[in-house]
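Structure file entry_13.cif (mmCIF, C-alpha atoms) follows.
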```
data_upload
loop_
_atom_site.label_atom_id
_atom_site.label_comp_id
_atom_site.auth_asym_id
_atom_site.auth_seq_id
_atom_site.Cartn_x
_atom_site.Cartn_y
_atom_site.Cartn_z
CA MET A 1 165.20 241.28 57.73
CA ASN A 2 167.98 240.93 55.19
CA VAL A 3 166.61 237.97 53.25
CA LYS A 4 169.74 237.41 51.15
CA GLU A 5 171.96 237.30 54.19
CA TYR A 6 169.55 234.98 55.98
CA ILE A 7 169.45 232.60 53.02
CA SER A 8 173.23 232.45 52.73
CA SER A 9 173.75 232.00 56.50
CA GLY A 10 173.50 228.21 56.26
CA ILE A 11 170.09 228.08 57.93
CA VAL A 12 168.51 226.59 54.77
CA GLU A 13 170.93 223.64 54.73
CA SER A 14 170.76 223.31 58.49
CA TYR A 15 166.93 223.16 58.43
CA VAL A 16 166.63 220.73 55.55
CA MET A 17 169.25 218.36 56.96
CA GLY A 18 167.57 218.28 60.35
CA LEU A 19 170.35 220.08 62.23
CA ALA A 20 168.44 223.22 63.25
CA THR A 21 167.22 223.68 66.81
CA GLU A 22 163.50 223.74 67.53
CA ALA A 23 163.53 227.55 67.80
CA GLU A 24 165.44 227.89 64.52
CA ARG A 25 163.00 225.52 62.82
CA GLN A 26 159.98 227.48 63.90
CA GLU A 27 161.56 230.75 62.86
CA PHE A 28 162.56 229.30 59.51
CA GLU A 29 159.09 227.94 58.84
CA ALA A 30 157.54 231.30 59.66
CA ASN A 31 160.07 233.03 57.40
CA CYS A 32 159.33 230.64 54.54
CA ALA A 33 155.65 231.49 54.81
CA GLN A 34 156.41 235.19 54.80
CA TYR A 35 159.22 235.43 52.21
CA PRO A 36 158.77 233.38 49.02
CA GLU A 37 162.52 233.74 48.26
CA ILE A 38 163.34 231.78 51.39
CA ALA A 39 160.90 229.02 50.51
CA GLU A 40 162.41 228.93 47.02
CA ALA A 41 165.92 228.67 48.42
CA ARG A 42 164.78 225.80 50.61
CA ASN A 43 163.22 224.02 47.67
CA ALA A 44 166.37 224.50 45.58
CA PHE A 45 168.57 222.98 48.27
CA GLU A 46 166.14 220.12 48.83
CA LEU A 47 166.31 219.30 45.11
CA ALA A 48 170.11 219.52 45.09
CA LEU A 49 170.35 217.16 48.08
CA GLU A 50 167.82 214.78 46.59
CA ASP A 51 169.65 214.69 43.24
CA GLN A 52 172.95 214.13 44.96
CA LEU A 53 171.67 211.21 47.00
CA LEU A 54 169.64 209.67 44.18
CA LYS A 55 172.41 209.69 41.62
CA ASP A 56 174.92 208.13 43.98
CA SER A 57 172.98 205.71 46.13
CA ALA A 58 173.50 202.29 47.69
CA ILE A 59 172.08 198.96 46.56
CA THR A 60 169.47 197.57 48.91
CA PRO A 61 169.21 193.85 49.67
CA LEU A 62 166.71 192.19 47.33
CA THR A 63 164.62 190.45 49.97
CA LEU A 64 164.00 193.59 51.99
CA LYS A 65 161.24 194.99 49.82
CA ASP A 66 159.07 191.89 50.18
CA GLN A 67 159.66 191.82 53.93
CA ILE A 68 158.50 195.41 54.22
CA HIS A 69 155.43 194.77 52.07
CA GLU A 70 154.54 191.81 54.23
CA LYS A 71 154.85 193.94 57.33
CA ILE A 72 152.62 196.71 56.05
CA ARG A 73 149.98 194.11 55.26
CA SER A 74 150.13 192.42 58.62
CA SER A 75 148.01 193.98 61.28
CA THR A 76 150.50 193.36 64.06
CA PHE A 77 152.83 196.21 63.22
CA GLU A 78 150.31 198.78 64.47
CA SER A 79 151.17 197.92 68.05
CA ASN A 80 154.95 198.12 67.96
CA THR A 81 155.32 201.75 67.03
CA THR A 82 158.49 203.70 67.37
CA GLY A 83 156.88 207.08 67.05
CA LEU A 84 159.03 210.06 66.30
CA GLU A 85 156.43 212.42 67.70
CA GLU A 86 156.82 210.74 71.06
CA GLU A 87 160.47 211.64 71.25
CA LYS A 88 160.10 215.24 72.15
CA THR A 89 157.77 215.18 75.12
CA PRO A 90 157.94 218.29 77.27
CA VAL A 91 158.96 218.41 80.89
CA ARG A 92 156.37 216.43 82.74
CA SER A 93 154.40 217.80 85.59
CA ILE A 94 151.41 215.91 86.84
CA GLY A 95 148.53 217.01 88.97
CA PRO A 96 148.65 215.45 92.42
CA TRP A 97 145.36 213.59 92.18
CA ARG A 98 146.56 210.82 89.90
CA TRP A 99 149.49 209.87 92.02
CA LEU A 100 147.32 210.10 95.09
CA ALA A 101 144.92 207.67 93.47
CA VAL A 102 147.64 205.11 92.93
CA ALA A 103 149.19 205.66 96.31
CA SER A 104 145.81 205.16 97.92
CA LEU A 105 145.36 201.91 96.03
CA ILE A 106 148.61 200.61 97.40
CA LEU A 107 147.78 201.87 100.84
CA LEU A 108 144.36 200.25 100.66
CA ALA A 109 145.85 196.96 99.58
CA GLY A 110 148.19 197.05 102.56
CA THR A 111 145.36 197.89 104.91
CA LEU A 112 143.23 195.14 103.48
CA TYR A 113 145.95 192.56 103.94
CA TRP A 114 146.45 193.62 107.50
CA ALA A 115 142.73 193.59 108.08
CA LEU A 116 142.27 190.10 106.72
CA THR A 117 145.02 188.65 108.83
CA THR A 118 143.94 190.24 112.03
CA ASN A 119 141.32 188.42 114.11
CA GLY A 120 140.11 191.32 116.18
CA LYS A 121 138.00 194.16 114.84
CA TYR A 122 136.60 191.77 112.25
CA GLN A 123 133.05 193.05 112.34
CA GLU A 124 134.01 196.65 112.02
CA LEU A 125 136.33 195.91 109.17
CA GLN A 126 133.98 193.80 107.16
CA SER A 127 131.85 196.72 106.05
CA LYS A 128 134.98 198.74 105.38
CA ASN A 129 136.31 195.85 103.36
CA THR A 130 133.49 196.01 100.84
CA ALA A 131 133.93 199.74 100.47
CA LEU A 132 137.67 199.30 100.05
CA GLN A 133 137.28 196.65 97.41
CA ASP A 134 134.99 198.95 95.50
CA SER A 135 137.54 201.71 95.59
CA ILE A 136 140.32 199.33 94.62
CA GLN A 137 138.27 198.22 91.65
CA LYS A 138 137.73 201.83 90.65
CA VAL A 139 141.37 202.75 90.99
CA ASN A 140 142.39 199.55 89.22
CA ASP A 141 140.14 200.41 86.31
CA GLY A 142 141.74 203.81 86.21
CA ILE A 143 145.20 202.32 86.14
CA THR A 144 144.34 199.84 83.43
CA ALA A 145 143.03 202.74 81.41
CA THR A 146 146.31 204.63 81.77
CA GLY A 147 148.28 201.59 80.63
CA GLY A 148 149.90 200.74 83.94
CA SER A 149 149.76 197.36 85.57
CA ALA A 150 149.54 197.31 89.32
CA GLY A 151 148.84 193.77 90.33
CA ALA A 152 148.48 194.79 93.93
CA GLY A 153 146.22 192.36 95.72
CA PRO A 154 145.96 191.40 99.35
CA LYS A 155 149.16 189.34 99.17
CA SER A 156 151.50 192.26 99.27
CA ASP A 157 153.56 194.06 101.82
CA PHE A 158 154.71 197.34 100.45
CA LYS A 159 157.67 199.40 101.41
CA MET A 160 157.97 202.91 100.15
CA ALA A 161 161.02 205.03 99.37
CA SER A 162 161.25 208.51 97.92
CA ILE A 163 163.80 210.14 95.72
CA THR A 164 163.85 213.90 95.57
CA ASP A 165 166.41 216.17 94.03
CA GLY A 166 165.44 219.80 94.40
CA PRO A 167 161.96 220.95 93.42
CA ASP A 168 162.15 219.48 89.90
CA ALA A 169 162.66 215.82 90.60
CA SER A 170 160.44 213.74 92.81
CA VAL A 171 159.79 210.04 92.51
CA SER A 172 158.27 207.44 94.84
CA ILE A 173 159.16 203.80 94.71
CA TYR A 174 156.82 201.11 96.00
CA TRP A 175 158.44 197.76 96.56
CA ASP A 176 156.32 194.77 97.39
CA THR A 177 158.55 192.72 99.62
CA LEU A 178 156.37 189.61 99.15
CA SER A 179 155.99 189.50 95.39
CA LYS A 180 159.22 191.53 94.93
CA ASP A 181 157.45 193.77 92.42
CA VAL A 182 158.79 197.29 92.09
CA TYR A 183 156.60 200.20 91.00
CA LEU A 184 157.73 203.70 90.41
CA ILE A 185 155.52 206.75 90.49
CA VAL A 186 156.84 209.88 88.86
CA LYS A 187 155.56 213.04 90.45
CA ASN A 188 157.92 215.32 88.67
CA MET A 189 161.02 214.68 86.57
CA PRO A 190 162.85 216.94 84.12
CA GLN A 191 162.85 215.56 80.58
CA PRO A 192 166.36 214.15 79.95
CA PRO A 193 168.42 215.16 76.87
CA THR A 194 167.28 213.16 73.83
CA ASP A 195 170.27 210.84 73.97
CA LYS A 196 169.83 210.04 77.67
CA GLN A 197 167.39 208.12 79.83
CA TYR A 198 166.82 207.66 83.52
CA GLN A 199 167.69 204.26 84.90
CA LEU A 200 166.57 202.83 88.25
CA TRP A 201 168.91 200.79 90.45
CA ALA A 202 168.56 198.80 93.65
CA LEU A 203 171.39 199.38 96.11
CA LEU A 204 172.27 196.29 98.13
CA PRO A 205 173.02 196.11 101.86
CA GLN A 206 176.65 195.15 101.21
CA GLU A 207 178.30 198.15 99.66
CA SER A 208 180.78 195.97 97.83
CA GLU A 209 177.96 194.52 95.74
CA ALA A 210 177.19 196.27 92.48
CA PRO A 211 173.80 198.00 92.16
CA ILE A 212 171.15 195.95 90.36
CA ASP A 213 169.59 197.35 87.21
CA LEU A 214 165.83 197.75 87.63
CA GLY A 215 165.19 199.09 84.15
CA MET A 216 164.80 202.27 82.20
CA ILE A 217 162.21 204.94 82.89
CA GLU A 218 160.60 206.02 79.61
CA LEU A 219 159.30 209.42 80.65
CA ARG A 220 155.98 210.15 78.99
CA GLN A 221 153.66 212.96 79.79
CA GLU A 222 150.62 210.74 80.16
CA ARG A 223 152.38 208.04 82.13
CA LEU A 224 152.50 208.08 85.86
CA LEU A 225 153.06 204.57 87.11
CA TYR A 226 155.92 202.43 85.87
CA ARG A 227 156.42 198.79 86.64
CA MET A 228 160.12 198.15 87.00
CA LYS A 229 162.10 194.90 87.25
CA ASN A 230 161.60 192.83 90.41
CA VAL A 231 164.25 192.77 93.06
CA GLN A 232 164.83 190.41 96.01
CA ASN A 233 166.74 192.73 98.25
CA ALA A 234 167.37 196.46 98.47
CA LYS A 235 168.77 198.84 101.01
CA ALA A 236 167.77 201.84 98.94
CA PHE A 237 167.06 202.80 95.35
CA ALA A 238 168.87 205.20 93.06
CA ILE A 239 168.24 206.89 89.74
CA THR A 240 171.00 207.89 87.33
CA LEU A 241 171.00 209.56 83.95
CA GLU A 242 172.46 207.08 81.47
CA PRO A 243 172.98 206.92 77.70
CA LYS A 244 169.78 205.82 75.96
CA GLY A 245 169.20 202.13 76.44
CA GLY A 246 170.93 202.06 79.80
CA SER A 247 174.23 200.93 81.26
CA PRO A 248 175.19 197.66 82.99
CA THR A 249 176.47 199.62 85.99
CA PRO A 250 175.60 203.21 86.90
CA THR A 251 177.80 205.86 85.32
CA GLY A 252 175.82 209.03 86.03
CA GLN A 253 175.57 211.00 89.26
CA PRO A 254 173.07 209.02 91.38
CA MET A 255 169.97 210.45 93.07
CA VAL A 256 169.66 208.10 96.04
CA SER A 257 166.38 207.30 97.76
CA SER A 258 165.48 207.38 101.40
CA GLN A 259 165.52 204.06 103.23
CA PRO A 260 162.40 202.07 102.29
CA VAL A 261 159.81 202.26 105.07
CA ASN A 262 156.80 200.05 105.71
CA LEU A 263 153.50 201.44 104.60
CA MET B 1 154.31 193.70 41.77
CA SER B 2 153.91 195.98 38.78
CA THR B 3 154.87 199.52 39.52
CA LYS B 4 153.55 202.64 37.96
CA SER B 5 156.47 204.16 36.10
CA THR B 6 156.23 207.72 37.30
CA TYR B 7 154.41 209.91 39.79
CA GLU B 8 154.22 213.64 40.33
CA GLU B 9 155.14 214.30 43.93
CA HIS B 10 151.69 215.55 45.00
CA GLU B 11 150.14 212.54 43.30
CA LEU B 12 152.49 210.18 45.12
CA VAL B 13 151.71 211.78 48.49
CA ALA B 14 147.95 211.63 47.84
CA SER B 15 148.19 207.94 46.91
CA LEU B 16 150.32 207.14 49.95
CA ARG B 17 147.76 208.84 52.16
CA LYS B 18 145.16 206.51 50.68
CA LYS B 19 147.44 203.61 51.67
CA ASP B 20 147.96 202.66 48.04
CA GLU B 21 150.49 199.82 47.92
CA GLU B 22 151.47 200.55 44.35
CA ALA B 23 152.51 204.06 45.33
CA PHE B 24 154.40 202.63 48.28
CA SER B 25 156.15 200.23 45.95
CA TYR B 26 157.16 203.13 43.73
CA LEU B 27 158.42 205.07 46.73
CA TYR B 28 160.56 202.12 47.73
CA GLU B 29 161.95 201.53 44.24
CA HIS B 30 162.73 205.17 43.82
CA TYR B 31 164.14 206.20 47.18
CA SER B 32 165.29 203.14 49.15
CA GLY B 33 168.80 203.17 47.68
CA ALA B 34 169.38 206.82 48.59
CA LEU B 35 168.07 206.30 52.12
CA TYR B 36 169.96 203.03 52.55
CA GLY B 37 173.21 204.79 51.69
CA VAL B 38 172.73 207.39 54.40
CA ILE B 39 171.58 204.75 56.91
CA LYS B 40 174.65 202.58 56.26
CA GLN B 41 176.92 205.56 56.65
CA ILE B 42 175.39 206.30 60.05
CA VAL B 43 175.01 202.74 61.35
CA GLY B 44 178.02 201.12 59.70
CA ASP B 45 176.64 197.59 59.96
CA VAL B 46 174.67 195.88 57.20
CA GLU B 47 172.30 193.82 59.37
CA LEU B 48 171.37 196.80 61.53
CA SER B 49 171.04 199.01 58.45
CA ASN B 50 168.52 196.57 57.00
CA ASP B 51 166.49 196.84 60.21
CA VAL B 52 166.62 200.60 60.07
CA LEU B 53 165.57 200.75 56.42
CA GLN B 54 162.64 198.51 57.24
CA GLU B 55 161.62 200.66 60.22
CA THR B 56 161.94 203.74 58.05
CA PHE B 57 159.53 202.51 55.39
CA LEU B 58 157.07 201.24 57.98
CA ASN B 59 157.17 204.64 59.63
CA ILE B 60 156.60 206.38 56.30
CA TRP B 61 153.60 204.14 55.65
CA ARG B 62 152.14 204.78 59.09
CA ARG B 63 152.88 208.43 59.43
CA ILE B 64 152.29 209.83 55.96
CA GLU B 65 149.36 211.83 57.38
CA SER B 66 151.77 213.88 59.42
CA TYR B 67 153.83 214.87 56.38
CA ASP B 68 153.29 218.59 55.75
CA GLU B 69 154.15 219.65 52.20
CA THR B 70 154.35 223.31 53.19
CA LYS B 71 157.46 222.46 55.24
CA GLY B 72 159.38 220.76 52.48
CA ARG B 73 159.58 218.03 49.90
CA LEU B 74 158.63 214.42 50.52
CA PHE B 75 162.21 213.25 50.15
CA THR B 76 163.39 215.67 52.83
CA TRP B 77 160.79 214.28 55.20
CA ILE B 78 161.62 210.62 54.56
CA LEU B 79 165.36 211.30 54.69
CA ASN B 80 164.96 212.82 58.14
CA ILE B 81 162.90 209.82 59.28
CA ALA B 82 165.68 207.53 58.04
CA ARG B 83 168.43 209.59 59.65
CA ASN B 84 166.62 209.75 63.01
CA ALA B 85 165.92 206.01 62.98
CA ALA B 86 169.56 205.29 62.16
CA ILE B 87 170.88 207.53 64.91
CA ASP B 88 168.42 205.96 67.37
CA LYS B 89 169.82 202.57 66.41
CA THR B 90 173.34 203.69 67.23
CA ARG B 91 172.10 204.76 70.67
CA SER B 92 170.52 201.43 71.44
CA ARG B 93 171.77 199.03 74.07
CA GLY B 94 175.08 197.43 73.34
CA PHE B 95 175.72 199.40 70.18
CA GLN B 96 177.90 202.00 71.77
CA GLN B 97 180.44 199.62 73.25
CA THR B 98 180.88 197.63 70.08
CA GLN B 99 180.41 199.89 67.11
CA ARG B 100 180.76 203.52 67.93
CA GLN B 101 184.12 204.76 66.81
CA ILE B 102 184.36 208.24 68.24
CA PRO B 103 184.34 208.71 72.00
CA LEU B 104 182.90 212.14 72.50
CA ASP B 105 184.70 212.85 75.75
CA GLY B 106 188.38 213.33 75.42
CA GLU B 107 190.30 212.79 72.27
CA VAL B 108 188.45 212.85 68.98
CA ILE B 109 189.67 210.39 66.42
CA GLN B 110 189.41 211.41 62.79
CA PRO B 111 187.23 208.92 60.96
CA SER B 112 188.80 207.06 58.09
CA VAL B 113 187.08 206.04 54.86
CA ARG B 114 185.29 202.71 55.20
CA PRO B 115 185.29 201.01 51.80
CA GLU B 116 181.82 200.22 50.39
CA ILE B 117 180.28 202.57 52.95
CA ASP B 118 181.86 205.99 52.68
CA ASP B 119 182.74 206.16 49.02
CA TYR B 120 179.44 207.51 47.75
CA GLY B 121 176.74 210.06 48.54
CA LEU B 122 177.22 212.74 51.16
CA LYS B 123 180.14 210.98 52.85
CA LYS B 124 182.11 211.04 49.64
CA LEU B 125 181.45 214.76 49.40
CA ILE B 126 182.43 215.57 52.97
CA PHE B 127 185.82 214.00 52.47
CA LYS B 128 186.48 216.89 50.12
CA LEU B 129 185.98 219.37 52.94
CA LYS B 130 188.63 220.70 55.28
CA ASP B 131 189.32 218.38 58.24
CA GLU B 132 187.50 220.55 60.73
CA GLN B 133 184.43 220.96 58.56
CA ARG B 134 184.33 217.27 57.83
CA LEU B 135 184.56 216.45 61.51
CA LEU B 136 181.76 218.85 62.41
CA ILE B 137 179.41 217.41 59.80
CA ASP B 138 180.35 213.89 60.76
CA LEU B 139 179.63 214.52 64.44
CA SER B 140 176.41 216.45 63.91
CA TYR B 141 174.81 214.87 60.84
CA PHE B 142 176.13 211.32 60.86
CA GLN B 143 176.53 210.79 64.58
CA GLY B 144 173.65 212.93 65.77
CA TYR B 145 175.46 214.85 68.49
CA THR B 146 173.88 218.13 69.52
CA HIS B 147 175.74 221.40 69.08
CA GLU B 148 176.10 221.52 72.88
CA GLN B 149 177.75 218.09 73.04
CA ILE B 150 180.13 218.98 70.24
CA ALA B 151 181.04 222.26 71.93
CA THR B 152 181.86 220.37 75.14
CA ALA B 153 183.83 217.63 73.43
CA LEU B 154 185.89 219.91 71.23
CA HIS B 155 186.23 222.69 73.78
CA ILE B 156 184.80 225.27 71.36
CA PRO B 157 182.18 227.85 72.38
CA LEU B 158 178.62 226.88 71.40
CA GLY B 159 178.14 229.90 69.13
CA THR B 160 181.32 229.02 67.26
CA VAL B 161 180.18 225.42 66.78
CA LYS B 162 176.94 226.68 65.28
CA THR B 163 178.54 229.12 62.83
CA ARG B 164 181.21 226.61 61.81
CA ILE B 165 178.64 223.88 61.16
CA ARG B 166 176.59 226.27 59.08
CA SER B 167 179.59 227.31 57.03
CA ALA B 168 180.56 223.65 56.59
CA LEU B 169 177.04 222.97 55.31
CA THR B 170 177.13 225.81 52.76
CA GLN B 171 180.54 224.52 51.66
CA LEU B 172 179.04 221.04 51.31
CA ARG B 173 176.26 222.45 49.22
CA SER B 174 178.69 224.12 46.84
CA LEU B 175 180.20 220.67 46.23
CA MET B 176 176.83 219.27 45.19
CA GLN B 177 176.73 220.88 41.77
#
```
This entry written out as structure tokens:
Amino acid sequence: MNVKEYISSGIVESYVMGLATEAERQEFEANCAQYPEIAEARNAFELALEDQLLKDSAITPLTLKDQIHEKIRSSTFESNTTGLEEEKTPVRSIGPWRWLAVASLILLAGTLYWALTTNGKYQELQSKNTALQDSIQKVNDGITATGGSAGAGPKSDFKMASITDGPDASVSIYWDTLSKDVYLIVKNMPQPPTDKQYQLWALLPQESEAPIDLGMIELRQERLLYRMKNVQNAKAFAITLEPKGGSPTPTGQPMVSSQPVNL
Amino acid sequence: MSTKSTYEEHELVASLRKKDEEAFSYLYEHYSGALYGVIKQIVGDVELSNDVLQETFLNIWRRIESYDETKGRLFTWILNIARNAAIDKTRSRGFQQTQRQIPLDGEVIQPSVRPEIDDYGLKKLIFKLKDEQRLLIDLSYFQGYTHEQIATALHIPLGTVKTRIRSALTQLRSLMQ
């Protein structure tokens, strides 16, 4: 490698200022470890940038320092993290068992409700009932542990809709038509660009009515079940890619769900 | 709070890792103005900039363990935390409609100097660059657009965007002396 050429290519400035791509960063870090001249060039630019910004800086509001000190002392800030390391999660792909576990919970809840409101077959169902409640408890514990919140009890009547877009995107939506709760289970979704997020919408029976925002989907590797905003009425659901934070009405190309069917 | 007058960098990092508030106080005294300048130049709004500066220092306090001195100086690390937090703020709900000045699709408007915001630090320097170089640094560094987005918006091939940004950065560096 021509070290001089590499150093003067602008990679040093690009790396230090956070404008290099992930691949460039890794290469640069490896090169710094291998060639001391490159590490020196990096250090020299870092010092130049630091000097520049320190000698010509802004005046911060006086009260801010105390506010920050108060916050670092309070224990509450631990919980509201805005972690940078969470930003670059890889494309998610989840083993089928976890989504099956949640789906079975919802299915069980539906079955249980039906069972309890049906007079016939009572005897046969009673023993099943105990077994089902055990499994619900187990699955519920599992869900609590993963941070989800499926409040699915007997008083629910779920409809299910799927959204698929090629082999890479597959999502199921469970809509409780009694409580109006909406849950979304991600089986597979490509990670959006860092400045974009997926947003879920309910499409209404009258096409003239604007889709209703059901919230943003914060894709995380470890997260499978998402509780979305409730909705009274829906003909179908749709997901669009929107600027981070979401849009009041969909602007991206929608992936539209199947018609919700009873479970 | 009394503040120790000076720290060697490795000493400062070691103290921060021990969650030493005096070291944190020094860090704030020493670097907050430089970070605040960059944050204001990205966010453009004083209230929101205060929020971002606060988030930045909380994140430094929480995440000092993940700072790796083999990858660069402490200031580089905290500057990148500040820049990322500021760009995130400009992507938050409602911000884009009200504050963002450059629509990336279609026509690109040349930014003008905002008094009290752009007349110091890096922004002051980039106004000495050629228009195109200034625009590229503004879009990539201050507005956080990816090279791909810039290529699409300006109808320039991706490879060209990359080489032009790099040459703008080396030009910027030569102005830092």
Problem set entry | Gap from CA of Tyr226 in chain A to CA of Pro260 in chain A - Å, one decimal |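 That distance, rounded to one decimal, is 17.7 Å.
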For this session: Skip Thr251 in chain A itself and residues of its chain fewer than 2 positions away, then list as a PyMOL selection string all residues within 9 Å of it, counting only C-alpha atoms.
Result: chain A and resi 240-242+247-249+253-254
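Residues in contact with Tyr141 in chain B at up to 9 Å, not including ones fewer than 3 positions away on its chain and judged by all atoms listed in the file, are Met17, Gly18 and Leu19 of chain A; Ile42, Arg83, Leu136, Ile137, Asp138, Gly144 and Tyr145 of chain B.
Residue nearest chain B within the list A:Leu184, A:Leu62, A:Leu53, A:Ala169: A:Leu53 [criterion: smallest interatomic distance, all atoms listed in the file].
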For this session: Go through A:Thr164, A:Ser170, A:Gln197, A:Gln232 one by one, measure the shortest atom-to-atom distance of each to chain B using all atoms listed in the file, and give the residue with the smallest value.
Result: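 With all atoms listed in the file as the atom set, the closest residue is A:Gln197.
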Problem set entry | Nearby residues, (165.1, 198.4, 57.5) file frame, 12 Å, only C-alpha atoms, as a PyMOL selection string | (chain A and resi 60-61+63-69+71) or (chain B and resi 28+32-33+35-37+39-40+43+45-60+81-83+85-86+89)
